[in-house]
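One file, coords05.txt, is given below (compact mmCIF, C-alpha atoms).
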```txt
# COMPACT_ATOMS: atom_id res chain seq x y z
CA MET A 1 -62.48 -55.95 -69.48
CA ILE A 2 -60.69 -53.02 -71.06
CA ARG A 3 -63.32 -50.62 -69.71
CA ARG A 4 -62.94 -52.09 -66.23
CA ILE A 5 -59.16 -51.69 -66.33
CA LEU A 6 -59.42 -48.08 -67.51
CA PHE A 7 -61.94 -47.33 -64.77
CA LEU A 8 -59.67 -48.77 -62.04
CA MET A 9 -56.72 -46.79 -63.38
CA LEU A 10 -58.78 -43.62 -63.30
CA VAL A 11 -59.84 -44.20 -59.69
CA ALA A 12 -56.25 -44.96 -58.63
CA GLY A 13 -55.01 -41.77 -60.28
CA LEU A 14 -57.64 -39.68 -58.53
CA VAL A 15 -56.75 -41.19 -55.13
CA PHE A 16 -53.01 -40.58 -55.72
CA ALA A 17 -53.67 -36.94 -56.68
CA LEU A 18 -55.78 -36.32 -53.61
CA VAL A 19 -53.13 -37.80 -51.25
CA SER A 20 -50.31 -35.84 -52.90
CA CYS A 21 -52.10 -32.51 -52.65
CA ALA A 22 -53.20 -32.86 -49.03
CA GLN A 23 -51.22 -30.64 -46.55
CA PRO A 24 -50.77 -31.54 -42.90
CA VAL A 25 -52.71 -29.28 -40.63
CA ALA A 26 -50.40 -27.54 -38.08
CA PRO A 27 -51.49 -27.75 -34.45
CA PRO A 28 -52.84 -24.52 -33.05
CA ALA A 29 -50.04 -22.23 -31.78
CA ALA A 30 -49.67 -22.02 -28.05
CA PRO A 31 -50.37 -18.60 -26.65
CA GLU A 32 -47.15 -16.55 -26.33
CA GLU A 33 -45.80 -16.27 -22.81
CA GLU A 34 -44.97 -12.81 -21.55
CA GLU A 35 -41.20 -12.27 -21.09
CA ALA A 36 -40.03 -11.69 -17.52
CA PRO A 37 -38.68 -8.19 -16.93
CA ALA A 38 -34.87 -8.06 -17.25
CA ALA A 39 -32.96 -7.91 -13.97
CA PRO A 40 -31.28 -4.56 -13.41
CA LYS A 41 -27.71 -4.61 -14.64
CA GLU A 42 -25.21 -4.75 -11.77
CA LYS A 43 -23.02 -1.69 -11.43
CA VAL A 44 -19.29 -2.34 -11.29
CA PHE A 45 -16.46 -0.09 -10.14
CA LYS A 46 -12.97 -1.29 -11.03
CA LEU A 47 -10.35 -0.36 -8.45
CA GLY A 48 -6.65 -0.72 -9.18
CA VAL A 49 -4.66 -1.84 -6.13
CA MET A 50 -0.96 -1.20 -6.66
CA GLY A 51 1.89 -2.83 -4.80
CA PRO A 52 5.22 -4.59 -5.32
CA PHE A 53 3.70 -8.01 -5.94
CA SER A 54 6.96 -9.25 -7.45
CA GLY A 55 10.57 -8.10 -7.19
CA PRO A 56 12.73 -7.27 -4.15
CA SER A 57 9.82 -6.01 -2.03
CA ALA A 58 7.36 -8.77 -2.92
CA ARG A 59 6.99 -9.69 0.75
CA THR A 60 5.47 -6.26 1.37
CA GLY A 61 3.24 -6.77 -1.66
CA GLU A 62 1.87 -9.94 -0.06
CA GLU A 63 0.73 -7.90 2.94
CA PHE A 64 -0.84 -5.27 0.68
CA LYS A 65 -2.78 -7.86 -1.28
CA GLY A 66 -3.89 -9.85 1.73
CA SER A 67 -5.02 -6.77 3.65
CA ALA A 68 -6.98 -5.41 0.69
CA GLU A 69 -8.63 -8.78 0.16
CA MET A 70 -9.65 -8.98 3.81
CA ALA A 71 -11.14 -5.48 3.80
CA PHE A 72 -13.21 -6.02 0.65
CA GLU A 73 -14.21 -9.58 1.50
CA ALA A 74 -15.66 -8.22 4.75
CA ILE A 75 -18.18 -6.21 2.69
CA ASP A 76 -18.61 -8.95 0.07
CA HIS A 77 -17.07 -6.58 -2.48
CA LYS A 78 -20.30 -4.52 -2.39
CA ILE A 79 -20.73 -0.83 -1.67
CA GLY A 80 -24.30 0.32 -2.15
CA ASP A 81 -25.46 -1.14 -5.46
CA TYR A 82 -21.91 -1.39 -6.80
CA GLU A 83 -19.67 -4.42 -7.05
CA ILE A 84 -16.05 -3.45 -6.40
CA GLU A 85 -13.75 -5.37 -8.71
CA LEU A 86 -10.11 -5.32 -7.61
CA VAL A 87 -7.46 -5.14 -10.31
CA TRP A 88 -3.94 -5.91 -9.07
CA VAL A 89 -1.30 -3.54 -10.47
CA ASP A 90 2.23 -4.89 -9.94
CA SER A 91 4.78 -2.09 -9.56
CA GLN A 92 7.68 -4.60 -9.39
CA SER A 93 9.52 -1.91 -7.37
CA ASP A 94 10.41 -0.30 -10.71
CA PRO A 95 9.12 3.17 -11.73
CA ALA A 96 9.05 2.49 -15.49
CA LYS A 97 7.39 -0.91 -15.15
CA ALA A 98 4.92 0.50 -12.64
CA SER A 99 3.87 3.29 -15.01
CA GLN A 100 3.42 0.81 -17.84
CA ALA A 101 1.36 -1.52 -15.65
CA TYR A 102 -0.81 1.34 -14.41
CA GLU A 103 -1.43 2.63 -17.95
CA GLN A 104 -2.44 -0.87 -18.98
CA ALA A 105 -4.78 -1.16 -15.99
CA ILE A 106 -6.53 2.04 -17.10
CA VAL A 107 -6.66 1.47 -20.87
CA GLN A 108 -7.20 -2.31 -21.01
CA ASP A 109 -8.72 -3.21 -17.65
CA GLY A 110 -10.75 -0.04 -17.25
CA ILE A 111 -9.89 0.87 -13.66
CA GLN A 112 -11.69 4.01 -12.46
CA GLY A 113 -9.65 4.65 -9.34
CA GLY A 114 -6.47 3.56 -7.57
CA LEU A 115 -5.40 2.54 -4.08
CA LEU A 116 -2.08 1.96 -2.31
CA ASN A 117 1.55 2.05 -3.42
CA TRP A 118 4.82 1.35 -1.63
CA HIS A 119 7.81 3.03 -3.28
CA SER A 120 8.45 6.77 -3.54
CA SER A 121 10.11 6.47 -6.94
CA VAL A 122 7.06 4.60 -8.23
CA ALA A 123 4.75 7.34 -6.91
CA VAL A 124 6.71 10.08 -8.72
CA SER A 125 6.49 8.15 -12.00
CA VAL A 126 2.84 7.05 -11.78
CA MET A 127 1.68 10.58 -10.90
CA GLU A 128 2.07 11.39 -14.59
CA VAL A 129 -0.24 8.52 -15.56
CA THR A 130 -3.00 9.44 -13.11
CA ALA A 131 -2.78 13.06 -14.28
CA LYS A 132 -2.98 12.04 -17.95
CA HIS A 133 -6.07 9.86 -17.50
CA GLN A 134 -7.60 11.77 -14.57
CA VAL A 135 -7.90 8.67 -12.40
CA PRO A 136 -7.96 9.48 -8.66
CA HIS A 137 -5.39 7.39 -6.77
CA ILE A 138 -5.84 7.51 -3.02
CA PHE A 139 -3.69 6.55 0.00
CA GLY A 140 -0.39 5.69 -1.66
CA MET A 141 2.63 5.36 0.64
CA GLY A 142 5.35 6.99 -1.48
CA ALA A 143 6.68 9.47 1.08
CA THR A 144 9.38 11.44 -0.73
CA GLU A 145 9.30 15.25 -0.83
CA LEU A 146 9.31 14.95 -4.63
CA VAL A 147 5.69 13.78 -4.52
CA ASN A 148 4.73 16.84 -2.46
CA GLU A 149 6.67 19.19 -4.73
CA THR A 150 5.08 17.74 -7.87
CA PHE A 151 1.64 17.85 -6.29
CA GLN A 152 2.01 21.49 -5.22
CA SER A 153 3.48 22.54 -8.57
CA ASP A 154 0.12 22.00 -10.29
CA VAL A 155 -2.62 20.74 -7.97
CA GLU A 156 -5.22 20.78 -10.73
CA LYS A 157 -3.08 18.38 -12.78
CA TYR A 158 -1.34 16.27 -10.15
CA GLY A 159 -4.05 16.26 -7.51
CA TYR A 160 -5.27 12.96 -8.95
CA TRP A 161 -2.40 11.41 -6.99
CA SER A 162 -4.30 12.37 -3.89
CA GLU A 163 -3.78 11.74 -0.18
CA LYS A 164 -0.51 10.11 0.83
CA LEU A 165 -0.59 7.51 3.56
CA TRP A 166 2.99 8.22 4.61
CA PRO A 167 4.23 11.76 5.30
CA THR A 168 7.58 13.09 4.09
CA PRO A 169 10.53 11.43 5.85
CA SER A 170 11.61 14.60 7.65
CA LYS A 171 8.30 14.70 9.55
CA LEU A 172 9.00 11.34 11.18
CA SER A 173 12.79 10.91 11.08
CA LYS A 174 13.18 13.81 13.50
CA ASN A 175 11.77 11.46 16.15
CA TYR A 176 14.99 9.42 15.98
CA VAL A 177 17.15 12.46 16.64
CA THR A 178 14.95 13.58 19.51
CA ALA A 179 15.05 10.09 21.04
CA VAL A 180 18.86 9.91 20.76
CA GLU A 181 19.38 13.40 22.17
CA ASP A 182 17.04 12.66 25.07
CA ALA A 183 18.97 9.46 25.83
CA ILE A 184 22.27 11.38 25.84
CA ALA A 185 20.84 14.09 28.11
CA ALA A 186 19.49 11.46 30.52
CA GLY A 187 22.85 9.68 30.68
CA ASP A 188 21.48 6.50 29.09
CA TRP A 189 23.99 6.62 26.23
CA ASP A 190 27.39 8.26 25.88
CA PRO A 191 28.39 8.26 22.21
CA GLY A 192 31.74 9.93 22.86
CA GLU A 193 32.28 12.02 19.76
CA LYS A 194 28.99 12.77 18.02
CA THR A 195 29.88 11.25 14.65
CA ALA A 196 27.35 9.68 12.33
CA ALA A 197 27.15 7.92 8.96
CA ILE A 198 24.14 7.91 6.65
CA TYR A 199 23.23 4.87 4.54
CA GLY A 200 20.28 3.75 2.47
CA GLU A 201 18.81 2.39 -0.74
CA ASP A 202 19.53 4.53 -3.79
CA THR A 203 15.92 5.52 -4.42
CA ASP A 204 13.81 8.64 -3.91
CA TRP A 205 12.72 7.23 -0.56
CA GLY A 206 16.23 6.28 0.59
CA ARG A 207 17.73 9.65 -0.27
CA SER A 208 14.77 11.57 1.15
CA PHE A 209 15.15 9.79 4.46
CA GLY A 210 18.92 10.21 4.41
CA ASN A 211 18.77 13.91 3.62
CA GLY A 212 16.14 14.48 6.28
CA ILE A 213 17.89 12.77 9.16
CA LYS A 214 21.27 14.17 8.08
CA ALA A 215 19.99 17.74 8.38
CA GLN A 216 18.38 17.02 11.74
CA LEU A 217 21.54 15.38 13.12
CA GLU A 218 23.69 18.27 11.95
CA LYS A 219 21.29 20.71 13.59
CA ALA A 220 21.73 18.75 16.85
CA GLY A 221 25.53 19.04 16.64
CA TRP A 222 26.42 15.76 14.95
CA GLU A 223 29.22 15.48 12.39
CA ILE A 224 28.29 13.44 9.32
CA VAL A 225 31.45 11.57 8.32
CA ALA A 226 30.02 9.34 5.57
CA GLU A 227 26.98 9.06 3.32
CA GLU A 228 26.50 5.87 1.29
CA TYR A 229 23.64 4.69 -0.95
CA PHE A 230 23.29 1.29 -2.60
CA PRO A 231 21.04 -0.52 -5.11
CA LEU A 232 17.71 -1.76 -3.80
CA GLU A 233 18.69 -5.37 -4.59
CA GLN A 234 22.07 -5.29 -2.81
CA THR A 235 22.65 -7.87 -0.07
CA ASP A 236 26.45 -7.78 0.40
CA PHE A 237 27.39 -4.99 2.81
CA VAL A 238 30.59 -6.30 4.40
CA PRO A 239 32.92 -3.76 2.69
CA LEU A 240 30.63 -0.86 3.58
CA LEU A 241 30.19 -1.99 7.17
CA ASN A 242 33.93 -2.49 7.63
CA LYS A 243 34.38 1.07 6.39
CA PHE A 244 31.99 2.34 9.06
CA LYS A 245 33.75 0.19 11.65
CA ASP A 246 37.17 1.58 10.73
CA MET A 247 35.78 5.11 11.01
CA ASP A 248 34.50 4.28 14.53
CA VAL A 249 31.26 6.20 14.01
CA ALA A 250 28.95 6.41 17.01
CA LEU A 251 25.72 6.30 15.05
CA ILE A 252 24.69 5.02 11.63
CA ALA A 253 21.22 5.86 10.34
CA GLY A 254 19.41 4.78 7.19
CA THR A 255 16.67 2.77 5.54
CA SER A 256 15.73 0.18 2.96
CA THR A 257 12.29 -0.96 1.79
CA ALA A 258 13.53 -4.39 0.65
CA PRO A 259 13.48 -7.04 3.41
CA PRO A 260 16.36 -9.09 1.95
CA SER A 261 18.52 -5.98 1.82
CA ILE A 262 17.86 -4.46 5.25
CA SER A 263 18.00 -7.83 7.03
CA ALA A 264 21.34 -8.66 5.37
CA PHE A 265 22.67 -5.25 6.43
CA ILE A 266 21.78 -5.92 10.08
CA LYS A 267 23.14 -9.47 10.15
CA GLN A 268 26.42 -8.47 8.51
CA ALA A 269 26.83 -5.50 10.87
CA ASP A 270 26.80 -8.00 13.72
CA GLU A 271 29.16 -10.34 11.89
CA VAL A 272 31.82 -7.67 11.31
CA GLY A 273 31.55 -6.50 14.93
CA LEU A 274 30.19 -3.02 14.28
CA GLU A 275 29.59 -1.34 17.65
CA SER A 276 27.72 1.72 16.43
CA LEU A 277 24.13 2.41 17.43
CA ILE A 278 22.11 1.51 14.34
CA VAL A 279 18.95 3.26 13.18
CA ALA A 280 17.34 0.92 10.64
CA ASP A 281 14.15 2.61 9.58
CA GLY A 282 11.84 -0.07 8.22
CA LEU A 283 13.49 -3.22 9.57
CA GLY A 284 10.14 -4.20 11.05
CA TRP A 285 8.11 -3.51 7.90
CA VAL A 286 7.52 -7.24 7.41
CA GLY A 287 6.14 -9.50 10.07
CA GLU A 288 8.98 -12.06 10.06
CA TRP A 289 11.79 -9.52 10.44
CA TYR A 290 13.19 -11.43 13.44
CA ASP A 291 13.29 -14.68 11.47
CA LEU A 292 15.46 -12.83 8.95
CA THR A 293 17.84 -11.22 11.45
CA GLY A 294 17.79 -13.19 14.70
CA THR A 295 19.65 -11.67 17.64
CA SER A 296 21.69 -9.50 15.28
CA SER A 297 18.80 -7.07 15.55
CA ASN A 298 19.33 -6.51 19.28
CA TYR A 299 19.81 -2.80 20.10
CA VAL A 300 18.71 -1.71 16.62
CA VAL A 301 16.45 1.36 16.67
CA ASP A 302 13.34 1.61 14.45
CA GLN A 303 9.95 3.33 14.22
CA ILE A 304 7.03 0.94 14.08
CA PRO A 305 3.46 1.37 15.31
CA GLY A 306 2.10 -1.52 17.35
CA TRP A 307 -1.05 -3.59 17.64
CA ALA A 308 -2.42 -1.39 20.39
CA THR A 309 -6.15 -2.21 20.25
CA ASP A 310 -8.28 -5.36 20.33
CA GLU A 311 -9.33 -4.65 16.72
CA ALA A 312 -5.70 -4.45 15.63
CA LYS A 313 -4.81 -7.69 17.37
CA ALA A 314 -7.83 -9.40 15.85
CA TYR A 315 -6.77 -8.28 12.36
CA ALA A 316 -3.20 -9.53 12.90
CA ALA A 317 -4.45 -12.92 14.13
CA ALA A 318 -6.92 -13.24 11.24
CA PHE A 319 -4.26 -12.32 8.68
CA GLU A 320 -1.82 -14.91 10.05
CA GLU A 321 -4.51 -17.60 10.10
CA LYS A 322 -5.60 -16.82 6.52
CA TYR A 323 -2.20 -16.35 4.87
CA GLY A 324 0.25 -18.13 7.16
CA THR A 325 2.49 -15.11 7.73
CA LYS A 326 2.59 -12.38 10.35
CA PRO A 327 1.68 -8.89 9.12
CA SER A 328 3.55 -5.75 10.08
CA PRO A 329 1.65 -2.70 11.33
CA SER A 330 3.58 -0.53 8.88
CA SER A 331 2.69 -2.46 5.73
CA GLY A 332 -0.17 -4.84 6.47
CA GLY A 333 -1.82 -2.67 9.11
CA LEU A 334 -1.59 0.59 7.18
CA SER A 335 -2.75 -1.01 3.93
CA TYR A 336 -5.73 -2.53 5.76
CA ASP A 337 -6.63 0.92 7.09
CA ALA A 338 -6.18 2.39 3.60
CA ALA A 339 -8.56 -0.14 2.06
CA ASN A 340 -11.19 0.53 4.70
CA MET A 341 -10.75 4.28 4.30
CA TRP A 342 -11.37 3.92 0.56
CA ILE A 343 -14.50 1.92 1.29
CA GLN A 344 -15.78 4.63 3.63
CA VAL A 345 -15.02 7.38 1.11
CA ALA A 346 -16.82 5.42 -1.64
CA GLN A 347 -19.85 4.92 0.61
CA ALA A 348 -20.01 8.66 1.27
CA VAL A 349 -19.77 9.40 -2.46
CA ILE A 350 -22.70 7.09 -3.23
CA GLU A 351 -24.79 8.57 -0.43
CA GLU A 352 -24.17 12.11 -1.68
CA THR A 353 -24.35 11.62 -5.44
CA GLY A 354 -25.95 8.24 -6.06
CA GLU A 355 -23.17 7.31 -8.48
CA LEU A 356 -19.67 6.02 -7.87
CA ASN A 357 -17.32 7.13 -10.64
CA SER A 358 -13.95 8.81 -11.06
CA GLU A 359 -15.37 12.31 -11.23
CA ASN A 360 -17.54 12.06 -8.11
CA LEU A 361 -14.79 10.31 -6.18
CA TYR A 362 -12.25 13.01 -6.99
CA GLN A 363 -14.72 15.80 -6.23
CA PHE A 364 -15.37 14.32 -2.78
CA VAL A 365 -11.63 14.13 -2.16
CA GLN A 366 -11.20 17.80 -2.99
CA ASP A 367 -14.26 19.06 -1.13
CA LYS A 368 -14.26 16.88 1.96
CA VAL A 369 -10.90 15.15 2.46
CA TRP A 370 -8.48 17.93 1.57
CA THR A 371 -10.42 20.40 3.71
CA GLY A 372 -10.44 18.19 6.82
CA GLU A 373 -14.23 17.88 6.80
CA TRP A 374 -13.84 14.12 6.39
CA SER A 375 -11.45 12.05 8.50
CA TYR A 376 -11.14 8.39 9.42
CA THR A 377 -11.24 7.26 13.03
CA ASP A 378 -11.93 3.53 12.66
CA GLY A 379 -8.35 2.51 11.87
CA ILE A 380 -6.30 -0.18 13.60
CA VAL A 381 -2.94 1.64 13.39
CA MET A 382 -3.51 5.40 13.83
CA GLN A 383 -6.14 7.05 16.02
CA GLU A 384 -7.22 9.43 13.27
CA TYR A 385 -6.28 9.88 9.63
CA LYS A 386 -6.90 13.50 8.78
CA TYR A 387 -5.84 15.86 6.00
CA THR A 388 -6.11 19.63 5.84
CA ALA A 389 -5.41 22.36 3.31
CA ASP A 390 -2.12 23.00 5.15
CA THR A 391 -0.91 19.39 5.03
CA ILE A 392 -2.10 17.87 1.73
CA PRO A 393 -0.98 15.61 0.25
CA ASP A 394 0.41 14.57 3.66
CA PRO A 395 -1.73 13.57 6.64
CA VAL A 396 -1.73 15.56 9.87
CA VAL A 397 1.26 14.35 11.90
CA GLY A 398 1.31 14.31 15.69
CA LYS A 399 0.00 12.64 18.78
CA GLY A 400 -3.56 11.46 18.25
CA TYR A 401 -3.09 11.58 14.49
CA TYR A 402 -0.32 10.05 12.41
CA THR A 403 2.78 9.21 14.41
CA PHE A 404 5.19 6.35 15.07
CA PRO A 405 6.87 5.61 18.39
CA VAL A 406 10.64 5.01 18.44
CA LEU A 407 11.54 1.56 19.66
CA GLN A 408 14.58 -0.60 20.23
CA TYR A 409 14.66 -4.31 19.45
CA PHE A 410 15.55 -7.00 21.97
CA ASP A 411 15.21 -10.72 21.19
CA GLY A 412 12.49 -10.18 18.63
CA GLU A 413 10.46 -7.61 20.56
CA GLY A 414 10.31 -3.88 19.97
CA LYS A 415 10.46 -1.90 23.22
CA VAL A 416 9.19 1.67 22.96
CA VAL A 417 11.85 4.14 24.12
CA TRP A 418 10.26 7.41 22.92
CA PRO A 419 8.14 9.44 23.56
CA ASP A 420 8.33 9.32 27.34
CA GLU A 421 4.60 8.88 27.85
CA TRP A 422 4.65 5.70 25.74
CA ALA A 423 8.11 4.42 26.72
CA VAL A 424 8.46 1.07 28.48
CA GLN A 425 12.22 1.45 28.93
CA SER A 426 15.12 3.77 28.19
CA LEU A 427 17.29 3.58 25.08
CA GLU A 428 20.28 1.31 25.73
CA ALA A 429 23.79 1.56 24.35
CA PRO A 430 24.76 -1.32 22.04
CA GLN A 431 26.93 -4.01 23.62
```
Please re-express this file's structure in C-alpha cells.
Amino acid sequence: MIRRILFLMLVAGLVFALVSCAQPVAPPAAPEEEEAPAAPKEKVFKLGVMGPFSGPSARTGEEFKGSAEMAFEAIDHKIGDYEIELVWVDSQSDPAKASQAYEQAIVQDGIQGGLLNWHSSVAVSVMEVTAKHQVPHIFGMGATELVNETFQSDVEKYGYWSEKLWPTPSKLSKNYVTAVEDAIAAGDWDPGEKTAAIYGEDTDWGRSFGNGIKAQLEKAGWEIVAEEYFPLEQTDFVPLLNKFKDMDVALIAGTSTAPPSISAFIKQADEVGLESLIVADGLGWVGEWYDLTGTSSNYVVDQIPGWATDEAKAYAAAFEEKYGTKPSPSSGGLSYDAANMWIQVAQAVIEETGELNSENLYQFVQDKVWTGEWSYTDGIVMQEYKYTADTIPDPVVGKGYYTFPVLQYFDGEGKVVWPDEWAVQSLEAPQ
C-alpha cells in the first residue's frame, strides 16, 4: 500500500511539473502590411486682412470682411496648391492698437502678407511694423500724403507698405472745386461772396483732405473763413454748425470716415437751418447712408463711384443677400476689387516662381506692379488699377483709371453732376 501511494504521488508530481513548464505557442504572425504613402502636406499662406472691425468705423469693417470673404470663397480659398488662410486684424480705428494687433498677427499668427486698411493714421503707424518684419502689405486705403512721404523717404525700408488703393486727397478733392467752379460759370449756382469753411475729423486723413481742398479753393479765389477739426467719435455738431450759420459761409467742405459722425453732422446741419452748400466727402461710404440721414442729405455733394456694370450690380446684390446690408462702392466695392487683385497677384507669383511666400510676393510687386507691367482690369469699381514708377505708392488717377465722379444727393439717390460727359444733371443750389 505504501509503495502504491508513493508511486501515485510520483506520477502526480511529474504531471504537475509538465503542465507548469509548458508555454503556449503563439499563433504565426500575420505578414506586415505595407504602409500607404503619406499624402503631400498642404501648403498654407496666411494673409492678414486689416480693417476697423470694431470701434467708430465698424460698419466699414463689416463691408471689408464680407467682401474679402466673398472673394476668397469664390476660389474655395485655394490658389494653385496653396490654401489661403485669412487672419482678421482689427485696427479699431486706433493707430497704436492697430500696430499692436498687426505685430501680434505676424509673431503669433504667422501672417506672411497683408491686405486692406481704412484709416490714414493707421497706415502711417503700421508701416513701421511691416518694415520691421518685411511683410508685404498690399492695397491699403490710407490716403494721406504722410504715407507717400514715408514711402519715398526710404523705399527699400517702407516699400513693404506697398500699393495704396486710395490716392492722396489732393488728387481727388480737386474734382469738387472744379465741379463748383463749373456750376458758377454756367449760372447754376450763385454763391454771392466766395466764402468757405473747412471741417473734418482730427486725423491724418481729415487734415489731409482739409488741407488739400483748402489750397484748391484758395487758388480758385475762395476765402477760407474757418477751419475746424473734431474727434473721430464726435456726434454733437450743433455749436459748430451754428457758428458756420452765423458766419453765413457759402460753402463748407470736409470729411469723416465714421458713419455715426458724418451722418450726425448732416442731420444737425439741416436741423439748425444751415443754408450753405455742403461737401461731405465720404457720406456715402456705407450702404445705408440714407437710412442714417434721410432727406437732410438732399443737396449734399459727395464723390462716390457707382455700380456701373452688370458684374458690379451682381456683387452688390449678392452681398446684400448674404449679409443683409447694402455695400458701398467706396468701401465694399473697392475692398472686393482689392481682394481679387491680391488673388491675381498671388496666382502670377506661383506661376512664375512655384512658391508663394513673402519674398516672392514682394519681388513681384517691385518688378511688375510698381513698373506698370502688371495692372488689373477685372474690377467692379474702376476700369483699370494701374501703378507706375511715377505714381507709386498711388494708383494712376484719371479717366479710364482711378477716378470718382462728383454727385449730389436727392431723396437717397446720388445724381452725377461732374464731369460733363457723365453728368445726368447740373449742380443745384441748396434750398
> Could you pull the residues within 10 Å of Lys78 of chain A, counting all atoms listed in the file, minus those fewer than 6 positions along the same chain, as a list in words?
Replying inline: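 That gives Lys43, Val44, Phe45, Phe72, Ile84, Glu85, Ile343 and Gln347 of chain A.
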>> Let me make sure I understand: among A:Gly282, A:Gly212, A:Gly379, A:Gly61, which one has the smallest atom-to-atom distance to Met341 of chain A if we use only C-alpha atoms?
In response: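 Between A:Gly282, A:Gly212, A:Gly379, A:Gly61, the residue approaching Met341 of chain A most closely is A:Gly379.
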> Of the candidates A:Ile262, A:Val238, A:Val279, A:Ile380, which one gets nearest to Val406 of chain A if we count only C-alpha atoms?
Replying inline: A:Val279
>> What does the structure give for the distance between atom CA of Trp374 of chain A and atom CA of Gly66 of chain A, in Å to one decimal?
In response: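 Separating atom CA of Trp374 of chain A from atom CA of Gly66 of chain A is a distance of 26.4 Å.
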>> Between atom CA of Asp411 of chain A and atom CA of Asn298 of chain A, what distance in Å does the model show, to one decimal?
In response: 6.2 Å
>> I'd like to know which of A:Ala269, A:Leu241, A:Leu232, A:Ala179 is closest to Leu427 of chain A, using all atoms listed in the file.
In response: A:Ala179
>> Neighbouring residues of Trp342 of chain A were defined as those with any atom within 9 Å, considering only C-alpha atoms; residues of the same chain fewer than 6 positions away were excluded. Please report them as an MDAnalysis selection string.
In response: chainID A and resid 115 138:139
>> Within 8 Å of (9.8, 11.2, 2.6) (file coordinates; only C-alpha atoms), which protein or nucleic acid residues are there? I'd like them as a PyMOL selection string.
In response: chain A and resi 120+142-145+166-171+205+208-209
> For the atom pair atom CA of Glu223 of chain A and atom CA of Glu275 of chain A, what is the interatomic distance in Å to one decimal place?
Replying inline: 17.6 Å
>> Which residues are near Leu217 of chain A? Cut-off 12 Å, only C-alpha atoms, ignore same chain within fewer than 3 positions. Put them as an NGL selection string.
In response: :A and (170 or 173-181 or 194-198 or 210-214 or 220-225 or 251-253)
> Which is closer to Asp109 of chain A than all the others in A:Lys415, A:Arg207, A:Lys322, A:Lys46, using all atoms listed in the file?
Replying inline: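 Among the listed residues, the smallest separation from Asp109 of chain A belongs to A:Lys46.
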Show me the residues close to (17.0, 5.6, -0.6) - anything with an atom within 9 Å, counting all atoms listed in the file - and format the list as a CSV table (one decimal) with C-alpha atoms, in the frame of the given file.
```
chain,number,residue,atom,x,y,z
A,199,TYR,CA,23.2,4.9,4.5
A,200,GLY,CA,20.3,3.8,2.5
A,201,GLU,CA,18.8,2.4,-0.7
A,202,ASP,CA,19.5,4.5,-3.8
A,203,THR,CA,15.9,5.5,-4.4
A,204,ASP,CA,13.8,8.6,-3.9
A,205,TRP,CA,12.7,7.2,-0.6
A,206,GLY,CA,16.2,6.3,0.6
A,207,ARG,CA,17.7,9.6,-0.3
A,208,SER,CA,14.8,11.6,1.2
A,209,PHE,CA,15.2,9.8,4.5
A,210,GLY,CA,18.9,10.2,4.4
A,229,TYR,CA,23.6,4.7,-1.0
A,230,PHE,CA,23.3,1.3,-2.6
A,231,PRO,CA,21.0,-0.5,-5.1
A,232,LEU,CA,17.7,-1.8,-3.8
A,254,GLY,CA,19.4,4.8,7.2
A,255,THR,CA,16.7,2.8,5.5
A,256,SER,CA,15.7,0.2,3.0
A,257,THR,CA,12.3,-1.0,1.8
```
> Quick one: of A:Pro329, A:Gly324, A:Gly354, A:Pro239, who's nearest to Thr309 of chain A, counting all atoms listed in the file?
Replying inline: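 Answer, going by the shortest atom-to-atom distance: A:Pro329.
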> What lies within 6 Å of Glu384 of chain A using all atoms listed in the file, ignoring chain neighbours under 4 positions off, as a list in words?
Replying inline: Tyr376, Thr377 and Tyr401 of chain A
>> When you count all atoms listed in the file, which of these residues is closest to Pro136 of chain A: A:His77, A:Lys219, A:Lys157, A:His119?
In response: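 The closest residue to Pro136 of chain A is A:Lys157.
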> Skipping near chain neighbours, those fewer than 4 positions away, what residues fall within 12 Å of Ala316 of chain A using all atoms listed in the file, listed as JSON, numbers by chain?
Replying inline: {"A": [63, 66, 67, 70, 287, 306, 307, 308, 309, 310, 311, 312, 320, 321, 322, 323, 324, 325, 326, 327, 328, 329, 330, 331, 332, 333, 334, 336, 380, 381]}
Axis-aligned box for segment 358-366 of chain A, 5 Å per side, centre and edges in Å as JSON:
```
{"center_x": -14.4, "center_y": 13.3, "center_z": -6.7, "size_x": 16.3, "size_y": 19.0, "size_z": 19.1}
```
Incomplete segment 65-73 of chain A brought to N, CA and C atoms, written out as a tab-separated table (two decimals), keeping the file's coordinate frame:
```
chain	number	residue	atom	x	y	z
A	65	LYS	N	-1.72	-7.11	-0.62
A	65	LYS	CA	-2.78	-7.86	-1.28
A	65	LYS	C	-3.69	-8.54	-0.27
A	66	GLY	N	-3.09	-9.17	0.73
A	66	GLY	CA	-3.89	-9.85	1.73
A	66	GLY	C	-4.77	-8.90	2.51
A	67	SER	N	-4.25	-7.74	2.88
A	67	SER	CA	-5.02	-6.77	3.65
A	67	SER	C	-6.18	-6.21	2.83
A	68	ALA	N	-5.91	-5.91	1.56
A	68	ALA	CA	-6.98	-5.41	0.69
A	68	ALA	C	-8.06	-6.46	0.51
A	69	GLU	N	-7.66	-7.71	0.30
A	69	GLU	CA	-8.63	-8.78	0.16
A	69	GLU	C	-9.50	-8.90	1.40
A	70	MET	N	-8.88	-8.85	2.57
A	70	MET	CA	-9.65	-8.98	3.81
A	70	MET	C	-10.66	-7.84	3.97
A	71	ALA	N	-10.25	-6.63	3.64
A	71	ALA	CA	-11.14	-5.48	3.80
A	71	ALA	C	-12.34	-5.59	2.86
A	72	PHE	N	-12.11	-5.97	1.62
A	72	PHE	CA	-13.21	-6.02	0.65
A	72	PHE	C	-14.04	-7.29	0.78
A	73	GLU	N	-13.43	-8.38	1.24
A	73	GLU	CA	-14.21	-9.58	1.50
A	73	GLU	C	-15.19	-9.34	2.65
```
